[in-house]
$ cat data_2.tsv   # TSV, C-alpha atoms
chain	number	residue	atom	x	y	z
A	39	MET	CA	-32.59	13.86	0.69
A	40	ARG	CA	-31.03	10.50	1.49
A	41	LEU	CA	-28.73	10.93	-1.47
A	42	ALA	CA	-28.92	14.64	-2.19
A	43	ILE	CA	-26.91	15.76	0.86
A	44	PRO	CA	-24.05	13.25	0.43
A	45	LEU	CA	-23.87	14.09	-3.29
A	46	ALA	CA	-23.78	17.80	-2.47
A	47	ILE	CA	-20.99	17.22	0.10
A	48	THR	CA	-18.99	15.27	-2.51
A	49	PHE	CA	-19.48	18.01	-5.09
A	50	VAL	CA	-18.54	20.88	-2.75
A	51	ALA	CA	-15.52	19.02	-1.28
A	52	GLY	CA	-14.28	18.01	-4.73
A	53	MET	CA	-14.68	21.52	-6.16
A	54	ILE	CA	-12.89	23.11	-3.18
A	55	MET	CA	-9.95	20.76	-3.70
A	56	ILE	CA	-9.78	21.58	-7.40
A	57	LEU	CA	-10.22	25.34	-6.88
A	58	GLN	CA	-7.54	25.56	-4.17
A	59	PHE	CA	-5.07	24.35	-6.75
A	60	PHE	CA	-5.82	27.24	-9.11
A	61	VAL	CA	-7.19	30.03	-6.86
A	62	PRO	CA	-4.77	31.07	-4.08
A	63	ALA	CA	-7.63	32.66	-2.08
A	64	THR	CA	-9.21	29.24	-1.54
A	65	GLN	CA	-5.95	27.57	-0.51
A	66	SER	CA	-6.50	27.81	3.26
A	67	MET	CA	-9.98	26.34	2.85
A	68	GLY	CA	-8.48	23.47	0.86
A	69	GLU	CA	-5.82	22.86	3.50
A	70	SER	CA	-8.45	22.73	6.26
A	71	LEU	CA	-10.52	20.35	4.18
A	72	GLN	CA	-7.50	18.11	3.70
A	73	GLU	CA	-7.05	18.00	7.48
A	74	TRP	CA	-10.73	17.13	7.93
A	75	TYR	CA	-10.34	14.45	5.28
A	76	MET	CA	-7.40	12.93	7.14
A	77	ILE	CA	-9.29	12.98	10.45
A	78	VAL	CA	-12.51	11.47	9.09
A	79	ALA	CA	-10.65	8.85	7.04
A	80	SER	CA	-8.59	7.85	10.07
A	81	PHE	CA	-11.79	6.91	11.91
A	82	ALA	CA	-12.07	4.03	9.44
A	83	ILE	CA	-9.47	2.18	11.55
A	84	PHE	CA	-11.97	2.12	14.42
A	85	LEU	CA	-14.62	0.75	12.08
A	86	GLY	CA	-12.19	-1.98	11.00
A	87	SER	CA	-11.29	-2.78	14.61
A	88	VAL	CA	-14.93	-2.99	15.69
A	89	ASN	CA	-15.54	-5.32	12.76
A	90	LEU	CA	-12.50	-7.45	13.65
A	91	LEU	CA	-13.68	-7.79	17.26
A	92	TYR	CA	-17.23	-8.55	16.11
A	93	VAL	CA	-16.04	-11.29	13.74
A	94	HIS	CA	-13.90	-12.98	16.38
A	95	THR	CA	-16.36	-12.72	19.28
A	96	HIS	CA	-19.05	-14.07	16.94
A	97	ARG	CA	-16.73	-16.94	15.99
A	98	ILE	CA	-16.07	-17.78	19.64
A	99	ARG	CA	-19.75	-17.54	20.56
A	100	PHE	CA	-20.92	-19.88	17.79
A	101	LYS	CA	-17.76	-22.03	17.78
A	102	GLY	CA	-17.03	-21.21	14.14
A	103	ARG	CA	-14.07	-22.42	12.11
A	104	ASN	CA	-10.75	-22.04	13.98
A	105	TRP	CA	-12.59	-20.37	16.88
A	106	LYS	CA	-9.91	-21.52	19.34
A	107	TYR	CA	-7.46	-19.01	17.82
A	108	SER	CA	-9.84	-16.05	18.00
A	109	PRO	CA	-8.97	-15.25	21.65
A	110	VAL	CA	-5.33	-14.91	20.50
A	111	THR	CA	-6.36	-12.17	18.07
A	112	ILE	CA	-8.45	-10.41	20.71
A	113	ILE	CA	-5.70	-10.65	23.34
A	114	GLY	CA	-3.09	-9.36	20.86
A	115	PHE	CA	-5.35	-6.45	19.94
A	116	ALA	CA	-6.13	-5.62	23.59
A	117	ALA	CA	-2.46	-5.88	24.62
A	118	MET	CA	-1.40	-3.29	22.03
A	119	ILE	CA	-4.28	-0.94	22.87
A	120	ILE	CA	-3.80	-1.13	26.64
A	121	THR	CA	0.00	-0.76	26.57
A	122	GLY	CA	-0.27	2.09	24.06
A	123	LEU	CA	-2.86	4.03	26.03
A	124	VAL	CA	-1.48	3.36	29.52
A	125	PHE	CA	2.29	3.61	28.99
A	126	GLY	CA	2.52	5.66	25.78
A	127	ILE	CA	4.32	4.85	22.57
A	128	GLU	CA	7.78	6.26	23.24
A	129	GLN	CA	10.91	4.20	22.68
A	130	GLY	CA	11.52	1.66	25.44
A	131	LYS	CA	7.88	1.49	26.55
A	132	PRO	CA	5.98	-1.86	26.44
A	133	PHE	CA	4.11	-0.81	23.27
A	134	ASP	CA	7.37	-0.12	21.44
A	135	TYR	CA	8.90	-3.34	22.86
A	136	MET	CA	6.02	-5.45	21.53
A	137	PHE	CA	6.23	-3.66	18.19
A	138	THR	CA	9.96	-4.14	17.69
A	139	GLN	CA	10.34	-7.60	19.27
A	140	MET	CA	7.13	-9.24	18.02
A	141	MET	CA	5.43	-7.34	15.23
A	142	VAL	CA	8.52	-6.44	13.22
A	143	PRO	CA	9.89	-10.04	13.08
A	144	MET	CA	6.42	-11.39	12.31
A	145	GLY	CA	5.90	-8.82	9.53
A	146	ALA	CA	9.30	-9.55	8.01
A	147	THR	CA	8.66	-13.30	8.20
A	148	MET	CA	5.21	-12.97	6.63
A	149	PHE	CA	6.63	-11.01	3.69
A	150	SER	CA	9.67	-13.27	3.35
A	151	LEU	CA	7.29	-16.26	3.14
A	152	LEU	CA	6.11	-14.71	-0.10
A	153	ALA	CA	9.56	-15.36	-1.60
A	154	PHE	CA	8.75	-19.09	-1.59
A	155	PHE	CA	5.25	-18.65	-2.98
A	156	VAL	CA	6.37	-16.15	-5.61
A	157	ALA	CA	9.05	-18.62	-6.70
A	158	SER	CA	6.55	-21.46	-7.09
A	159	ALA	CA	4.02	-19.16	-8.81
A	160	ALA	CA	6.75	-17.96	-11.16
A	161	PHE	CA	7.67	-21.54	-12.01
A	162	ARG	CA	4.08	-22.19	-13.09
A	163	ALA	CA	3.48	-18.85	-14.81
A	164	PHE	CA	6.83	-18.68	-16.57
A	165	ARG	CA	6.57	-21.93	-18.47
A	166	ALA	CA	7.29	-19.75	-21.46
A	167	SER	CA	4.09	-20.25	-23.44
A	168	ASN	CA	4.93	-17.51	-26.00
A	169	TRP	CA	7.82	-15.25	-26.85
A	170	ARG	CA	6.49	-12.35	-24.77
A	171	ALA	CA	6.27	-14.59	-21.69
A	172	THR	CA	9.85	-15.64	-22.43
A	173	LEU	CA	10.81	-11.97	-22.60
A	174	LEU	CA	9.20	-11.39	-19.19
A	175	LEU	CA	11.09	-14.39	-17.83
A	176	ILE	CA	14.44	-13.21	-19.23
A	177	SER	CA	13.87	-9.66	-17.96
A	178	ALA	CA	13.03	-10.90	-14.43
A	179	PHE	CA	15.97	-13.31	-14.48
A	180	VAL	CA	18.49	-10.66	-15.56
A	181	VAL	CA	17.22	-8.14	-12.98
A	182	MET	CA	17.47	-10.76	-10.22
A	183	LEU	CA	20.90	-11.90	-11.35
A	184	GLY	CA	22.15	-8.33	-11.63
A	185	ARG	CA	21.39	-7.65	-7.98
A	186	VAL	CA	23.38	-10.49	-6.47
A	187	PRO	CA	27.19	-10.95	-6.48
A	188	ILE	CA	26.97	-14.15	-8.54
A	189	GLY	CA	25.61	-12.13	-11.48
A	190	ALA	CA	28.81	-10.09	-11.77
A	191	MET	CA	30.86	-13.24	-11.23
A	192	ILE	CA	29.19	-14.92	-14.24
A	193	TRP	CA	29.65	-11.90	-16.50
A	194	GLY	CA	30.77	-8.44	-15.43
A	195	ARG	CA	28.16	-6.70	-17.54
A	196	ILE	CA	25.09	-8.42	-16.06
A	197	PRO	CA	24.64	-5.73	-13.34
A	198	LEU	CA	24.88	-3.03	-16.07
A	199	ILE	CA	22.27	-4.78	-18.24
A	200	SER	CA	20.05	-5.17	-15.17
A	201	GLU	CA	20.40	-1.45	-14.43
A	202	TRP	CA	19.65	-0.59	-18.07
A	203	ILE	CA	16.47	-2.73	-18.00
A	204	MET	CA	15.36	-0.89	-14.85
A	205	GLN	CA	16.24	2.56	-16.22
A	206	VAL	CA	14.91	2.27	-19.79
A	207	PRO	CA	12.30	-0.39	-20.71
A	208	ASN	CA	11.01	-0.69	-17.14
A	209	LEU	CA	10.80	3.10	-16.76
A	210	ALA	CA	8.96	3.40	-20.09
A	211	GLY	CA	6.47	0.69	-19.13
A	212	GLN	CA	5.91	2.09	-15.63
A	213	ARG	CA	5.40	5.58	-17.06
A	214	ALA	CA	2.84	4.31	-19.57
A	215	VAL	CA	0.97	2.56	-16.74
A	216	MET	CA	1.15	5.62	-14.49
A	217	ILE	CA	-0.03	8.04	-17.17
A	218	GLY	CA	-2.84	5.67	-18.21
A	219	ALA	CA	-3.91	5.19	-14.59
A	220	ALA	CA	-3.83	8.96	-13.99
A	221	MET	CA	-6.13	9.52	-16.98
A	222	GLY	CA	-8.53	6.91	-15.60
A	223	MET	CA	-8.32	8.55	-12.18
A	224	VAL	CA	-9.27	11.95	-13.60
A	225	ALA	CA	-12.26	10.45	-15.43
A	226	THR	CA	-13.42	8.55	-12.32
A	227	SER	CA	-12.90	11.62	-10.09
A	228	LEU	CA	-15.01	13.76	-12.41
A	229	ARG	CA	-17.74	11.11	-12.40
A	230	MET	CA	-17.72	11.10	-8.60
A	231	ILE	CA	-17.64	14.87	-8.17
A	232	PHE	CA	-20.56	15.34	-10.56
A	233	GLY	CA	-22.57	12.51	-8.98
A	234	ILE	CA	-22.54	10.17	-12.00
A	235	GLU	CA	-20.65	7.50	-10.10
A	236	ARG	CA	-22.54	6.70	-6.87
A	237	SER	CA	-21.51	3.16	-6.02
A	238	TYR	CA	-19.59	4.39	-2.96
A	239	LEU	CA	-22.93	5.41	-1.45
A	240	GLY	CA	-24.04	1.79	-1.35
A	241	GLY	CA	-24.97	1.41	-4.99
A	242	ALA	CA	-28.10	3.55	-4.55
A	243	ASP	CA	-29.44	5.38	-7.63
B	141	MET	CA	15.22	-10.33	33.82
B	142	ASN	CA	16.94	-9.72	30.50
B	143	TRP	CA	14.23	-8.22	28.31
B	144	THR	CA	16.47	-8.14	25.24
B	145	VAL	CA	16.94	-11.93	25.32
B	146	ILE	CA	13.23	-12.47	25.97
B	147	GLY	CA	12.49	-10.23	22.97
B	148	ILE	CA	14.87	-12.22	20.75
B	149	TRP	CA	13.22	-15.48	21.83
B	150	LEU	CA	9.72	-14.08	21.24
B	151	GLY	CA	10.70	-12.89	17.75
B	152	ALA	CA	12.47	-16.16	16.93
B	153	LEU	CA	9.67	-18.45	18.13
B	154	LEU	CA	7.02	-16.41	16.31
B	155	SER	CA	9.16	-16.36	13.13
B	156	LEU	CA	9.67	-20.14	13.29
B	157	SER	CA	5.94	-20.64	13.90
B	158	LEU	CA	5.20	-18.65	10.74
B	159	TYR	CA	7.86	-20.46	8.71
B	160	SER	CA	6.32	-23.78	9.76
B	161	PHE	CA	3.61	-23.03	7.18
B	162	LEU	CA	6.14	-24.00	4.50
B	163	TYR	CA	5.67	-27.60	5.66
B	164	LYS	CA	1.89	-27.37	6.00
B	165	ASP	CA	-0.84	-25.45	7.80
B	166	ASN	CA	-0.51	-26.18	11.53
B	167	PRO	CA	-1.56	-24.83	14.96
B	168	PHE	CA	1.73	-22.95	15.50
B	169	TYR	CA	1.25	-21.03	12.26
B	170	LYS	CA	-2.39	-20.32	13.04
B	171	PHE	CA	-1.48	-19.04	16.51
B	172	ALA	CA	1.20	-16.66	15.16
B	173	GLU	CA	-1.02	-15.56	12.27
B	174	HIS	CA	-3.94	-14.70	14.56
B	175	LEU	CA	-1.63	-12.92	16.99
B	176	PHE	CA	-0.12	-10.88	14.15
B	177	VAL	CA	-3.57	-9.83	12.91
B	178	GLY	CA	-4.71	-8.76	16.39
B	179	MET	CA	-1.48	-6.91	17.24
B	180	SER	CA	-1.39	-5.16	13.87
B	181	ALA	CA	-4.95	-3.90	14.30
B	182	GLY	CA	-4.13	-2.69	17.81
B	183	TYR	CA	-0.93	-1.04	16.60
B	184	TRP	CA	-2.71	0.92	13.87
B	185	VAL	CA	-5.47	2.05	16.25
B	186	ILE	CA	-2.89	3.47	18.68
B	187	TYR	CA	-0.80	4.89	15.82
B	188	THR	CA	-3.89	6.67	14.45
B	189	ILE	CA	-4.85	8.06	17.85
B	190	MET	CA	-1.35	9.26	18.76
B	191	ASN	CA	-0.11	10.47	15.37
B	192	VAL	CA	-3.24	11.60	13.55
B	193	LEU	CA	-6.17	12.28	15.85
B	194	ILE	CA	-4.41	13.93	18.81
B	195	PRO	CA	-2.14	16.32	16.84
B	196	ASN	CA	-4.54	17.09	13.98
B	197	TRP	CA	-7.93	16.96	15.64
B	198	TRP	CA	-7.82	17.08	19.45
B	199	ASN	CA	-5.12	19.77	19.63
B	200	ASN	CA	-7.14	21.93	17.23
B	201	LEU	CA	-10.43	21.28	19.02
B	202	VAL	CA	-9.01	22.04	22.46
B	203	PRO	CA	-5.88	24.20	21.90
B	204	ALA	CA	-3.21	24.34	24.59
B	205	GLU	CA	-3.77	28.12	25.01
B	206	GLY	CA	-7.32	27.41	26.20
B	207	GLY	CA	-10.84	27.67	24.81
B	208	MET	CA	-12.58	25.36	22.41
B	209	GLN	CA	-12.83	25.60	18.61
B	210	PRO	CA	-16.33	24.23	17.87
B	211	ILE	CA	-15.67	24.09	14.10
B	212	TRP	CA	-13.40	21.10	14.78
B	213	LEU	CA	-16.39	19.21	16.16
B	214	ILE	CA	-17.53	18.68	12.55
B	215	PRO	CA	-14.76	16.23	11.49
B	216	GLY	CA	-15.16	14.47	14.84
B	217	VAL	CA	-18.89	14.03	14.30
B	218	LEU	CA	-18.32	12.87	10.73
B	219	GLY	CA	-15.74	10.38	12.04
B	220	LEU	CA	-18.28	9.13	14.56
B	221	PHE	CA	-20.82	8.75	11.74
B	222	MET	CA	-18.29	6.54	9.98
B	223	VAL	CA	-18.07	4.20	12.98
B	224	LEU	CA	-21.89	4.14	13.26
B	225	ARG	CA	-21.87	2.06	10.09
B	226	VAL	CA	-21.82	-0.97	12.39
B	227	VAL	CA	-25.22	0.04	13.87
B	228	PRO	CA	-27.79	-1.04	11.25
B	229	LYS	CA	-30.36	1.65	12.16
B	230	LEU	CA	-27.81	4.45	11.95
B	231	SER	CA	-25.57	3.10	9.18
B	232	GLY	CA	-27.01	5.61	6.68
B	233	LEU	CA	-25.18	8.42	8.52
B	234	SER	CA	-21.86	7.03	7.30
B	235	ARG	CA	-22.77	8.31	3.84
B	236	PHE	CA	-21.97	11.87	4.94
B	237	SER	CA	-18.50	10.83	6.05
B	238	LEU	CA	-17.93	8.80	2.90
B	239	ALA	CA	-19.12	11.71	0.78
B	240	LEU	CA	-16.50	14.00	2.35
B	241	ILE	CA	-13.74	11.40	1.93
B	242	VAL	CA	-14.67	10.59	-1.67
B	243	GLY	CA	-15.17	14.23	-2.68
B	244	THR	CA	-11.89	15.41	-1.17
B	245	GLY	CA	-10.02	12.37	-2.48
B	246	ALA	CA	-11.44	12.87	-5.97
B	247	GLY	CA	-10.52	16.57	-5.94
B	248	LEU	CA	-6.99	15.74	-4.79
B	249	SER	CA	-6.64	13.09	-7.51
B	250	MET	CA	-7.78	15.57	-10.11
B	251	THR	CA	-5.03	18.01	-9.31
B	252	ALA	CA	-2.11	16.92	-7.16
B	253	MET	CA	-1.94	13.29	-8.24
B	254	PHE	CA	-2.57	14.13	-11.87
B	255	GLN	CA	0.32	16.55	-11.72
B	256	THR	CA	2.73	13.99	-10.25
B	257	ASN	CA	1.50	10.81	-11.97
B	258	ALA	CA	0.73	12.21	-15.40
B	259	LEU	CA	2.18	15.65	-16.13
B	260	ALA	CA	5.52	15.10	-14.41
B	261	GLN	CA	5.89	11.75	-16.18
B	262	VAL	CA	5.10	13.32	-19.56
B	263	ASN	CA	7.58	16.09	-18.78
B	264	GLY	CA	10.24	13.51	-17.92
B	265	THR	CA	9.59	11.70	-21.21
B	266	ILE	CA	10.06	14.79	-23.40
B	267	ILE	CA	13.81	14.47	-23.82
B	268	ALA	CA	16.20	15.14	-26.66
B	269	LEU	CA	17.14	11.84	-28.29
B	270	GLY	CA	20.79	12.87	-28.39
B	271	GLN	CA	20.83	13.58	-24.65
B	272	GLY	CA	23.80	11.76	-23.16
B	273	GLY	CA	26.06	11.93	-26.21
B	274	GLY	CA	26.77	8.45	-27.56
B	275	TRP	CA	24.80	6.18	-29.90
B	276	PHE	CA	23.82	3.93	-26.98
B	277	ASP	CA	22.16	6.86	-25.17
B	278	TRP	CA	20.40	7.76	-28.43
B	279	VAL	CA	18.95	4.23	-28.71
B	280	SER	CA	18.02	4.15	-25.01
B	281	ASN	CA	16.26	7.52	-25.27
B	282	LEU	CA	14.41	6.35	-28.37
B	283	ILE	CA	13.25	3.18	-26.58
B	284	LEU	CA	12.15	5.28	-23.60
B	285	VAL	CA	10.12	7.79	-25.64
B	286	ALA	CA	8.69	5.25	-28.11
B	287	GLY	CA	8.01	2.83	-25.25
B	288	VAL	CA	5.89	5.34	-23.32
B	289	VAL	CA	3.93	6.34	-26.46
B	290	CYS	CA	3.38	2.72	-27.58
B	291	GLY	CA	2.46	1.68	-24.03
B	292	LEU	CA	-0.19	4.39	-23.96
B	293	VAL	CA	-1.46	3.28	-27.39
B	294	TYR	CA	-1.86	-0.24	-25.97
B	295	PHE	CA	-4.10	1.18	-23.21
B	296	PHE	CA	-6.17	3.16	-25.74
B	297	PHE	CA	-9.21	1.01	-26.43
B	298	SER	CA	-11.38	3.54	-28.27
B	299	LYS	CA	-9.81	2.51	-31.55
B	300	ALA	CA	-9.37	-1.04	-32.88
B	301	HIS	CA	-5.81	-2.33	-32.54
B	302	THR	CA	-5.25	-2.80	-36.28
B	303	GLY	CA	-2.79	-1.30	-38.78
B	304	VAL	CA	-0.41	1.32	-37.38
B	305	ILE	CA	-2.29	1.42	-34.06
B	306	GLY	CA	-2.02	-2.37	-33.83
B	307	GLY	CA	1.71	-2.27	-34.56
B	308	ALA	CA	2.28	0.41	-31.93
B	309	ALA	CA	0.15	-1.53	-29.43
B	310	ASN	CA	2.26	-4.63	-30.12
B	311	VAL	CA	5.45	-2.72	-29.40
B	312	GLY	CA	3.73	-1.33	-26.29
B	313	ILE	CA	2.74	-4.72	-24.87
B	314	THR	CA	6.22	-6.10	-25.60
B	315	LEU	CA	7.79	-3.30	-23.62
B	316	LEU	CA	5.23	-3.68	-20.86
B	317	MET	CA	6.14	-7.37	-20.56
B	318	VAL	CA	9.81	-6.41	-20.09
B	319	ALA	CA	8.74	-3.83	-17.49
B	320	PHE	CA	6.54	-6.34	-15.64
B	321	GLY	CA	9.36	-8.87	-15.69
B	322	ALA	CA	11.76	-6.29	-14.25
B	323	SER	CA	9.26	-5.29	-11.55
B	324	PHE	CA	8.65	-8.93	-10.74
B	325	GLY	CA	12.39	-9.62	-10.43
B	326	TYR	CA	12.79	-6.54	-8.24
B	327	THR	CA	9.92	-7.64	-5.96
B	328	VAL	CA	11.31	-11.17	-5.65
B	329	MET	CA	14.70	-9.76	-4.67
B	330	ALA	CA	13.07	-7.57	-2.00
B	331	ARG	CA	11.33	-10.64	-0.54
B	332	ILE	CA	14.52	-12.66	-0.67
B	333	SER	CA	16.44	-9.92	1.11
B	334	LEU	CA	13.80	-10.08	3.89
B	335	LEU	CA	14.28	-13.84	4.03
B	336	ILE	CA	18.04	-13.37	4.33
B	337	GLY	CA	17.47	-10.80	7.08
B	338	GLN	CA	15.25	-13.16	9.07
B	339	THR	CA	17.67	-16.07	8.57
B	340	GLN	CA	20.52	-13.88	9.82
B	341	PHE	CA	18.39	-12.93	12.84
B	342	LEU	CA	17.82	-16.59	13.67
B	343	LEU	CA	21.44	-17.62	13.08
B	344	PHE	CA	23.34	-14.69	14.52
B	345	ASP	CA	20.96	-13.25	17.16
B	346	TRP	CA	18.87	-16.15	18.38
B	347	LEU	CA	21.29	-19.11	18.30
B	348	PRO	CA	23.98	-17.25	20.34
B	349	THR	CA	21.43	-16.90	23.21
B	350	MET	CA	21.73	-20.71	23.49
B	351	GLY	CA	25.51	-20.59	23.34
B	352	ILE	CA	25.68	-21.66	19.69
B	353	HIS	CA	28.02	-19.38	17.74
B	354	LEU	CA	28.37	-19.84	13.99

$ encode --input "data_2.tsv" --output "structure tokens"
Amino acid sequence: MRLAIPLAITFVAGMIMILQFFVPATQSMGESLQEWYMIVASFAIFLGSVNLLYVHTHRIRFKGRNWKYSPVTIIGFAAMIITGLVFGIEQGKPFDYMFTQMMVPMGATMFSLLAFFVASAAFRAFRASNWRATLLLISAFVVMLGRVPIGAMIWGRIPLISEWIMQVPNLAGQRAVMIGAAMGMVATSLRMIFGIERSYLGGAD
Amino acid sequence: MNWTVIGIWLGALLSLSLYSFLYKDNPFYKFAEHLFVGMSAGYWVIYTIMNVLIPNWWNNLVPAEGGMQPIWLIPGVLGLFMVLRVVPKLSGLSRFSLALIVGTGAGLSMTAMFQTNALAQVNGTIIALGQGGGWFDWVSNLILVAGVVCGLVYFFFSKAHTGVIGGAANVGITLLMVAFGASFGYTVMARISLLIGQTQFLLFDWLPTMGIHL
């Protein structure tokens, strides 16, 4: 019973979603199930938040590594929750102010930091060990050059070559990856729906 | 109190704290990093409540026109089961919620995502080689069609990559390397444009608050 009910739920939910695609009569049932799916899945954010708070309170309690910064995380979390619940999330409210003035710059900075690390990683990875790695290097270089004004200043056709790389070889490669991944997804989905793949239930057999 | 200027200073100081990591790990970076994690978690909780749970669940459970729709208690209870994963004695209940998520997700992948990620891509690849007119379009179309087929052959591991299959797989991996290079270049440029944006913010928004105009 411990496994039978969850496996039955997976089977029924999966079959409803497949059927609603082919049988119009089951479409409303499928739409309701999609809404349920969205609601239940969204509760995962609460699970993550509880876990985050647990990790940081635990760290403070036992004076774990970098415990002095844990109150900052908890205060930041509480500030967003309280302002969101008390004042609402409309434009101009404290929640929106903290989002636009603090979170947006921090997010942009975090991602822009990656530019430096990607550059250093590329330097190490691109030490053209074989001709295919060289090809990867040239392709990346041309695409980068084609998207900045200096590319066109060096040679007028660099932006066109960059566009061609994006539209032809890149599109072909991305399509092959997408189609291959979709095939794998269908196989994995079938394994889950029919209860062959059960690792999501905690690895129980 | 000028809240706009305070906001610019907050954003600038937090950005500089994060950039200080380029020198080495330091308390300013750790402070900003921990704050970002906490605020992001809080933001997503509120976003989920306001944009997912209230319109899709609460408004269906307790409609504005009155009365209660008990059927909508089921997703709420399943959501609660999900959170109970943190209680060791009750963590088994989360399996019901996971089962619904996995089953629905798998069913969706089987149909909707397969249609967009596989069938639509195949459909887009079936093109006439002469489409476009000139010899250059003919070559480009040939590369596109052959590239997709050879790329798929490279991912086909049920047959040894020898002979014709091996040759096609070689063409496939070559094209994939070009594609990965292009994607890499594109990603780097996106990151660099963010860096430029943040630098502009510091130079043209923050510095003027101190009377420094560039």

$ closest_atom_pairs --input "data_2.tsv" --of "chain B" --to "chain A" --cutoff "6 Å" --atoms "all atoms listed in the file" --output "Markdown table"
| residue | atom | partner | partner_atom | distance |
| --- | --- | --- | --- | --- |
| B:Gly147 | CA | A:Gln139 | CA | 5.0 |
| B:Gly151 | CA | A:Met140 | CA | 5.1 |
| B:Ser155 | CA | A:Met144 | CA | 5.7 |
| B:His174 | CA | A:Thr111 | CA | 5.0 |
| B:Leu175 | CA | A:Thr111 | CA | 4.9 |
| B:Gly178 | CA | A:Thr111 | CA | 4.1 |
| B:Met179 | CA | A:Gly114 | CA | 4.7 |
| B:Gly182 | CA | A:Phe115 | CA | 4.5 |
| B:Tyr183 | CA | A:Met118 | CA | 5.9 |
| B:Pro215 | CA | A:Trp74 | CA | 5.5 |
| B:Gly219 | CA | A:Val78 | CA | 4.5 |
| B:Val223 | CA | A:Leu85 | CA | 5.0 |
| B:Phe236 | CA | A:Pro44 | CA | 5.2 |
| B:Ala239 | CA | A:Thr48 | CA | 4.8 |
| B:Leu240 | CA | A:Thr48 | CA | 5.6 |
| B:Ile241 | CA | A:Tyr75 | CA | 5.7 |
| B:Gly243 | CA | A:Thr48 | CA | 4.0 |
| B:Thr244 | CA | A:Gly52 | CA | 5.0 |
| B:Ala246 | CA | A:Ser227 | CA | 4.5 |
| B:Gly247 | CA | A:Gly52 | CA | 4.2 |
| B:Leu248 | CA | A:Met55 | CA | 5.9 |
| B:Met250 | CA | A:Val224 | CA | 5.2 |
| B:Phe254 | CA | A:Ala220 | CA | 5.7 |
| B:Asn257 | CA | A:Met216 | CA | 5.8 |
| B:Ala258 | CA | A:Ile217 | CA | 4.6 |
| B:Leu284 | CA | A:Ala210 | CA | 5.1 |
| B:Gly287 | CA | A:Ala210 | CA | 5.3 |
| B:Val288 | CA | A:Ala210 | CA | 4.9 |
| B:Gly291 | CA | A:Ala214 | CA | 5.2 |
| B:Leu292 | CA | A:Ala214 | CA | 5.3 |
| B:Leu316 | CA | A:Gly211 | CA | 4.9 |
| B:Met317 | CA | A:Leu174 | CA | 5.2 |
| B:Val318 | CA | A:Leu174 | CA | 5.1 |
| B:Ala319 | CA | A:Asn208 | CA | 3.9 |
| B:Gly321 | CA | A:Leu174 | CA | 4.3 |
| B:Ala322 | CA | A:Ala178 | CA | 4.8 |
| B:Gly325 | CA | A:Ala178 | CA | 4.2 |
| B:Arg331 | CA | A:Ser150 | CA | 5.0 |
| B:Ile332 | CA | A:Ala153 | CA | 5.7 |
| B:Leu334 | CA | A:Ser150 | CA | 5.2 |
| B:Leu335 | CA | A:Ser150 | CA | 4.7 |

$ atom_distance --input "data_2.tsv" --atom1 "CA of Phe276 (chain B)" --atom2 "CA of Phe295 (chain B)"
28.3 Å

$ atom_distance --input "data_2.tsv" --atom1 "CA of Val304 (chain B)" --atom2 "CA of Leu282 (chain B)"
18.1 Å

$ closest_residue --input "data_2.tsv" --among "B:Leu162, B:Ala152, B:Ile189, B:Val145" --to "Leu342 (chain B)" --atoms "all atoms listed in the file"
B:Ala152
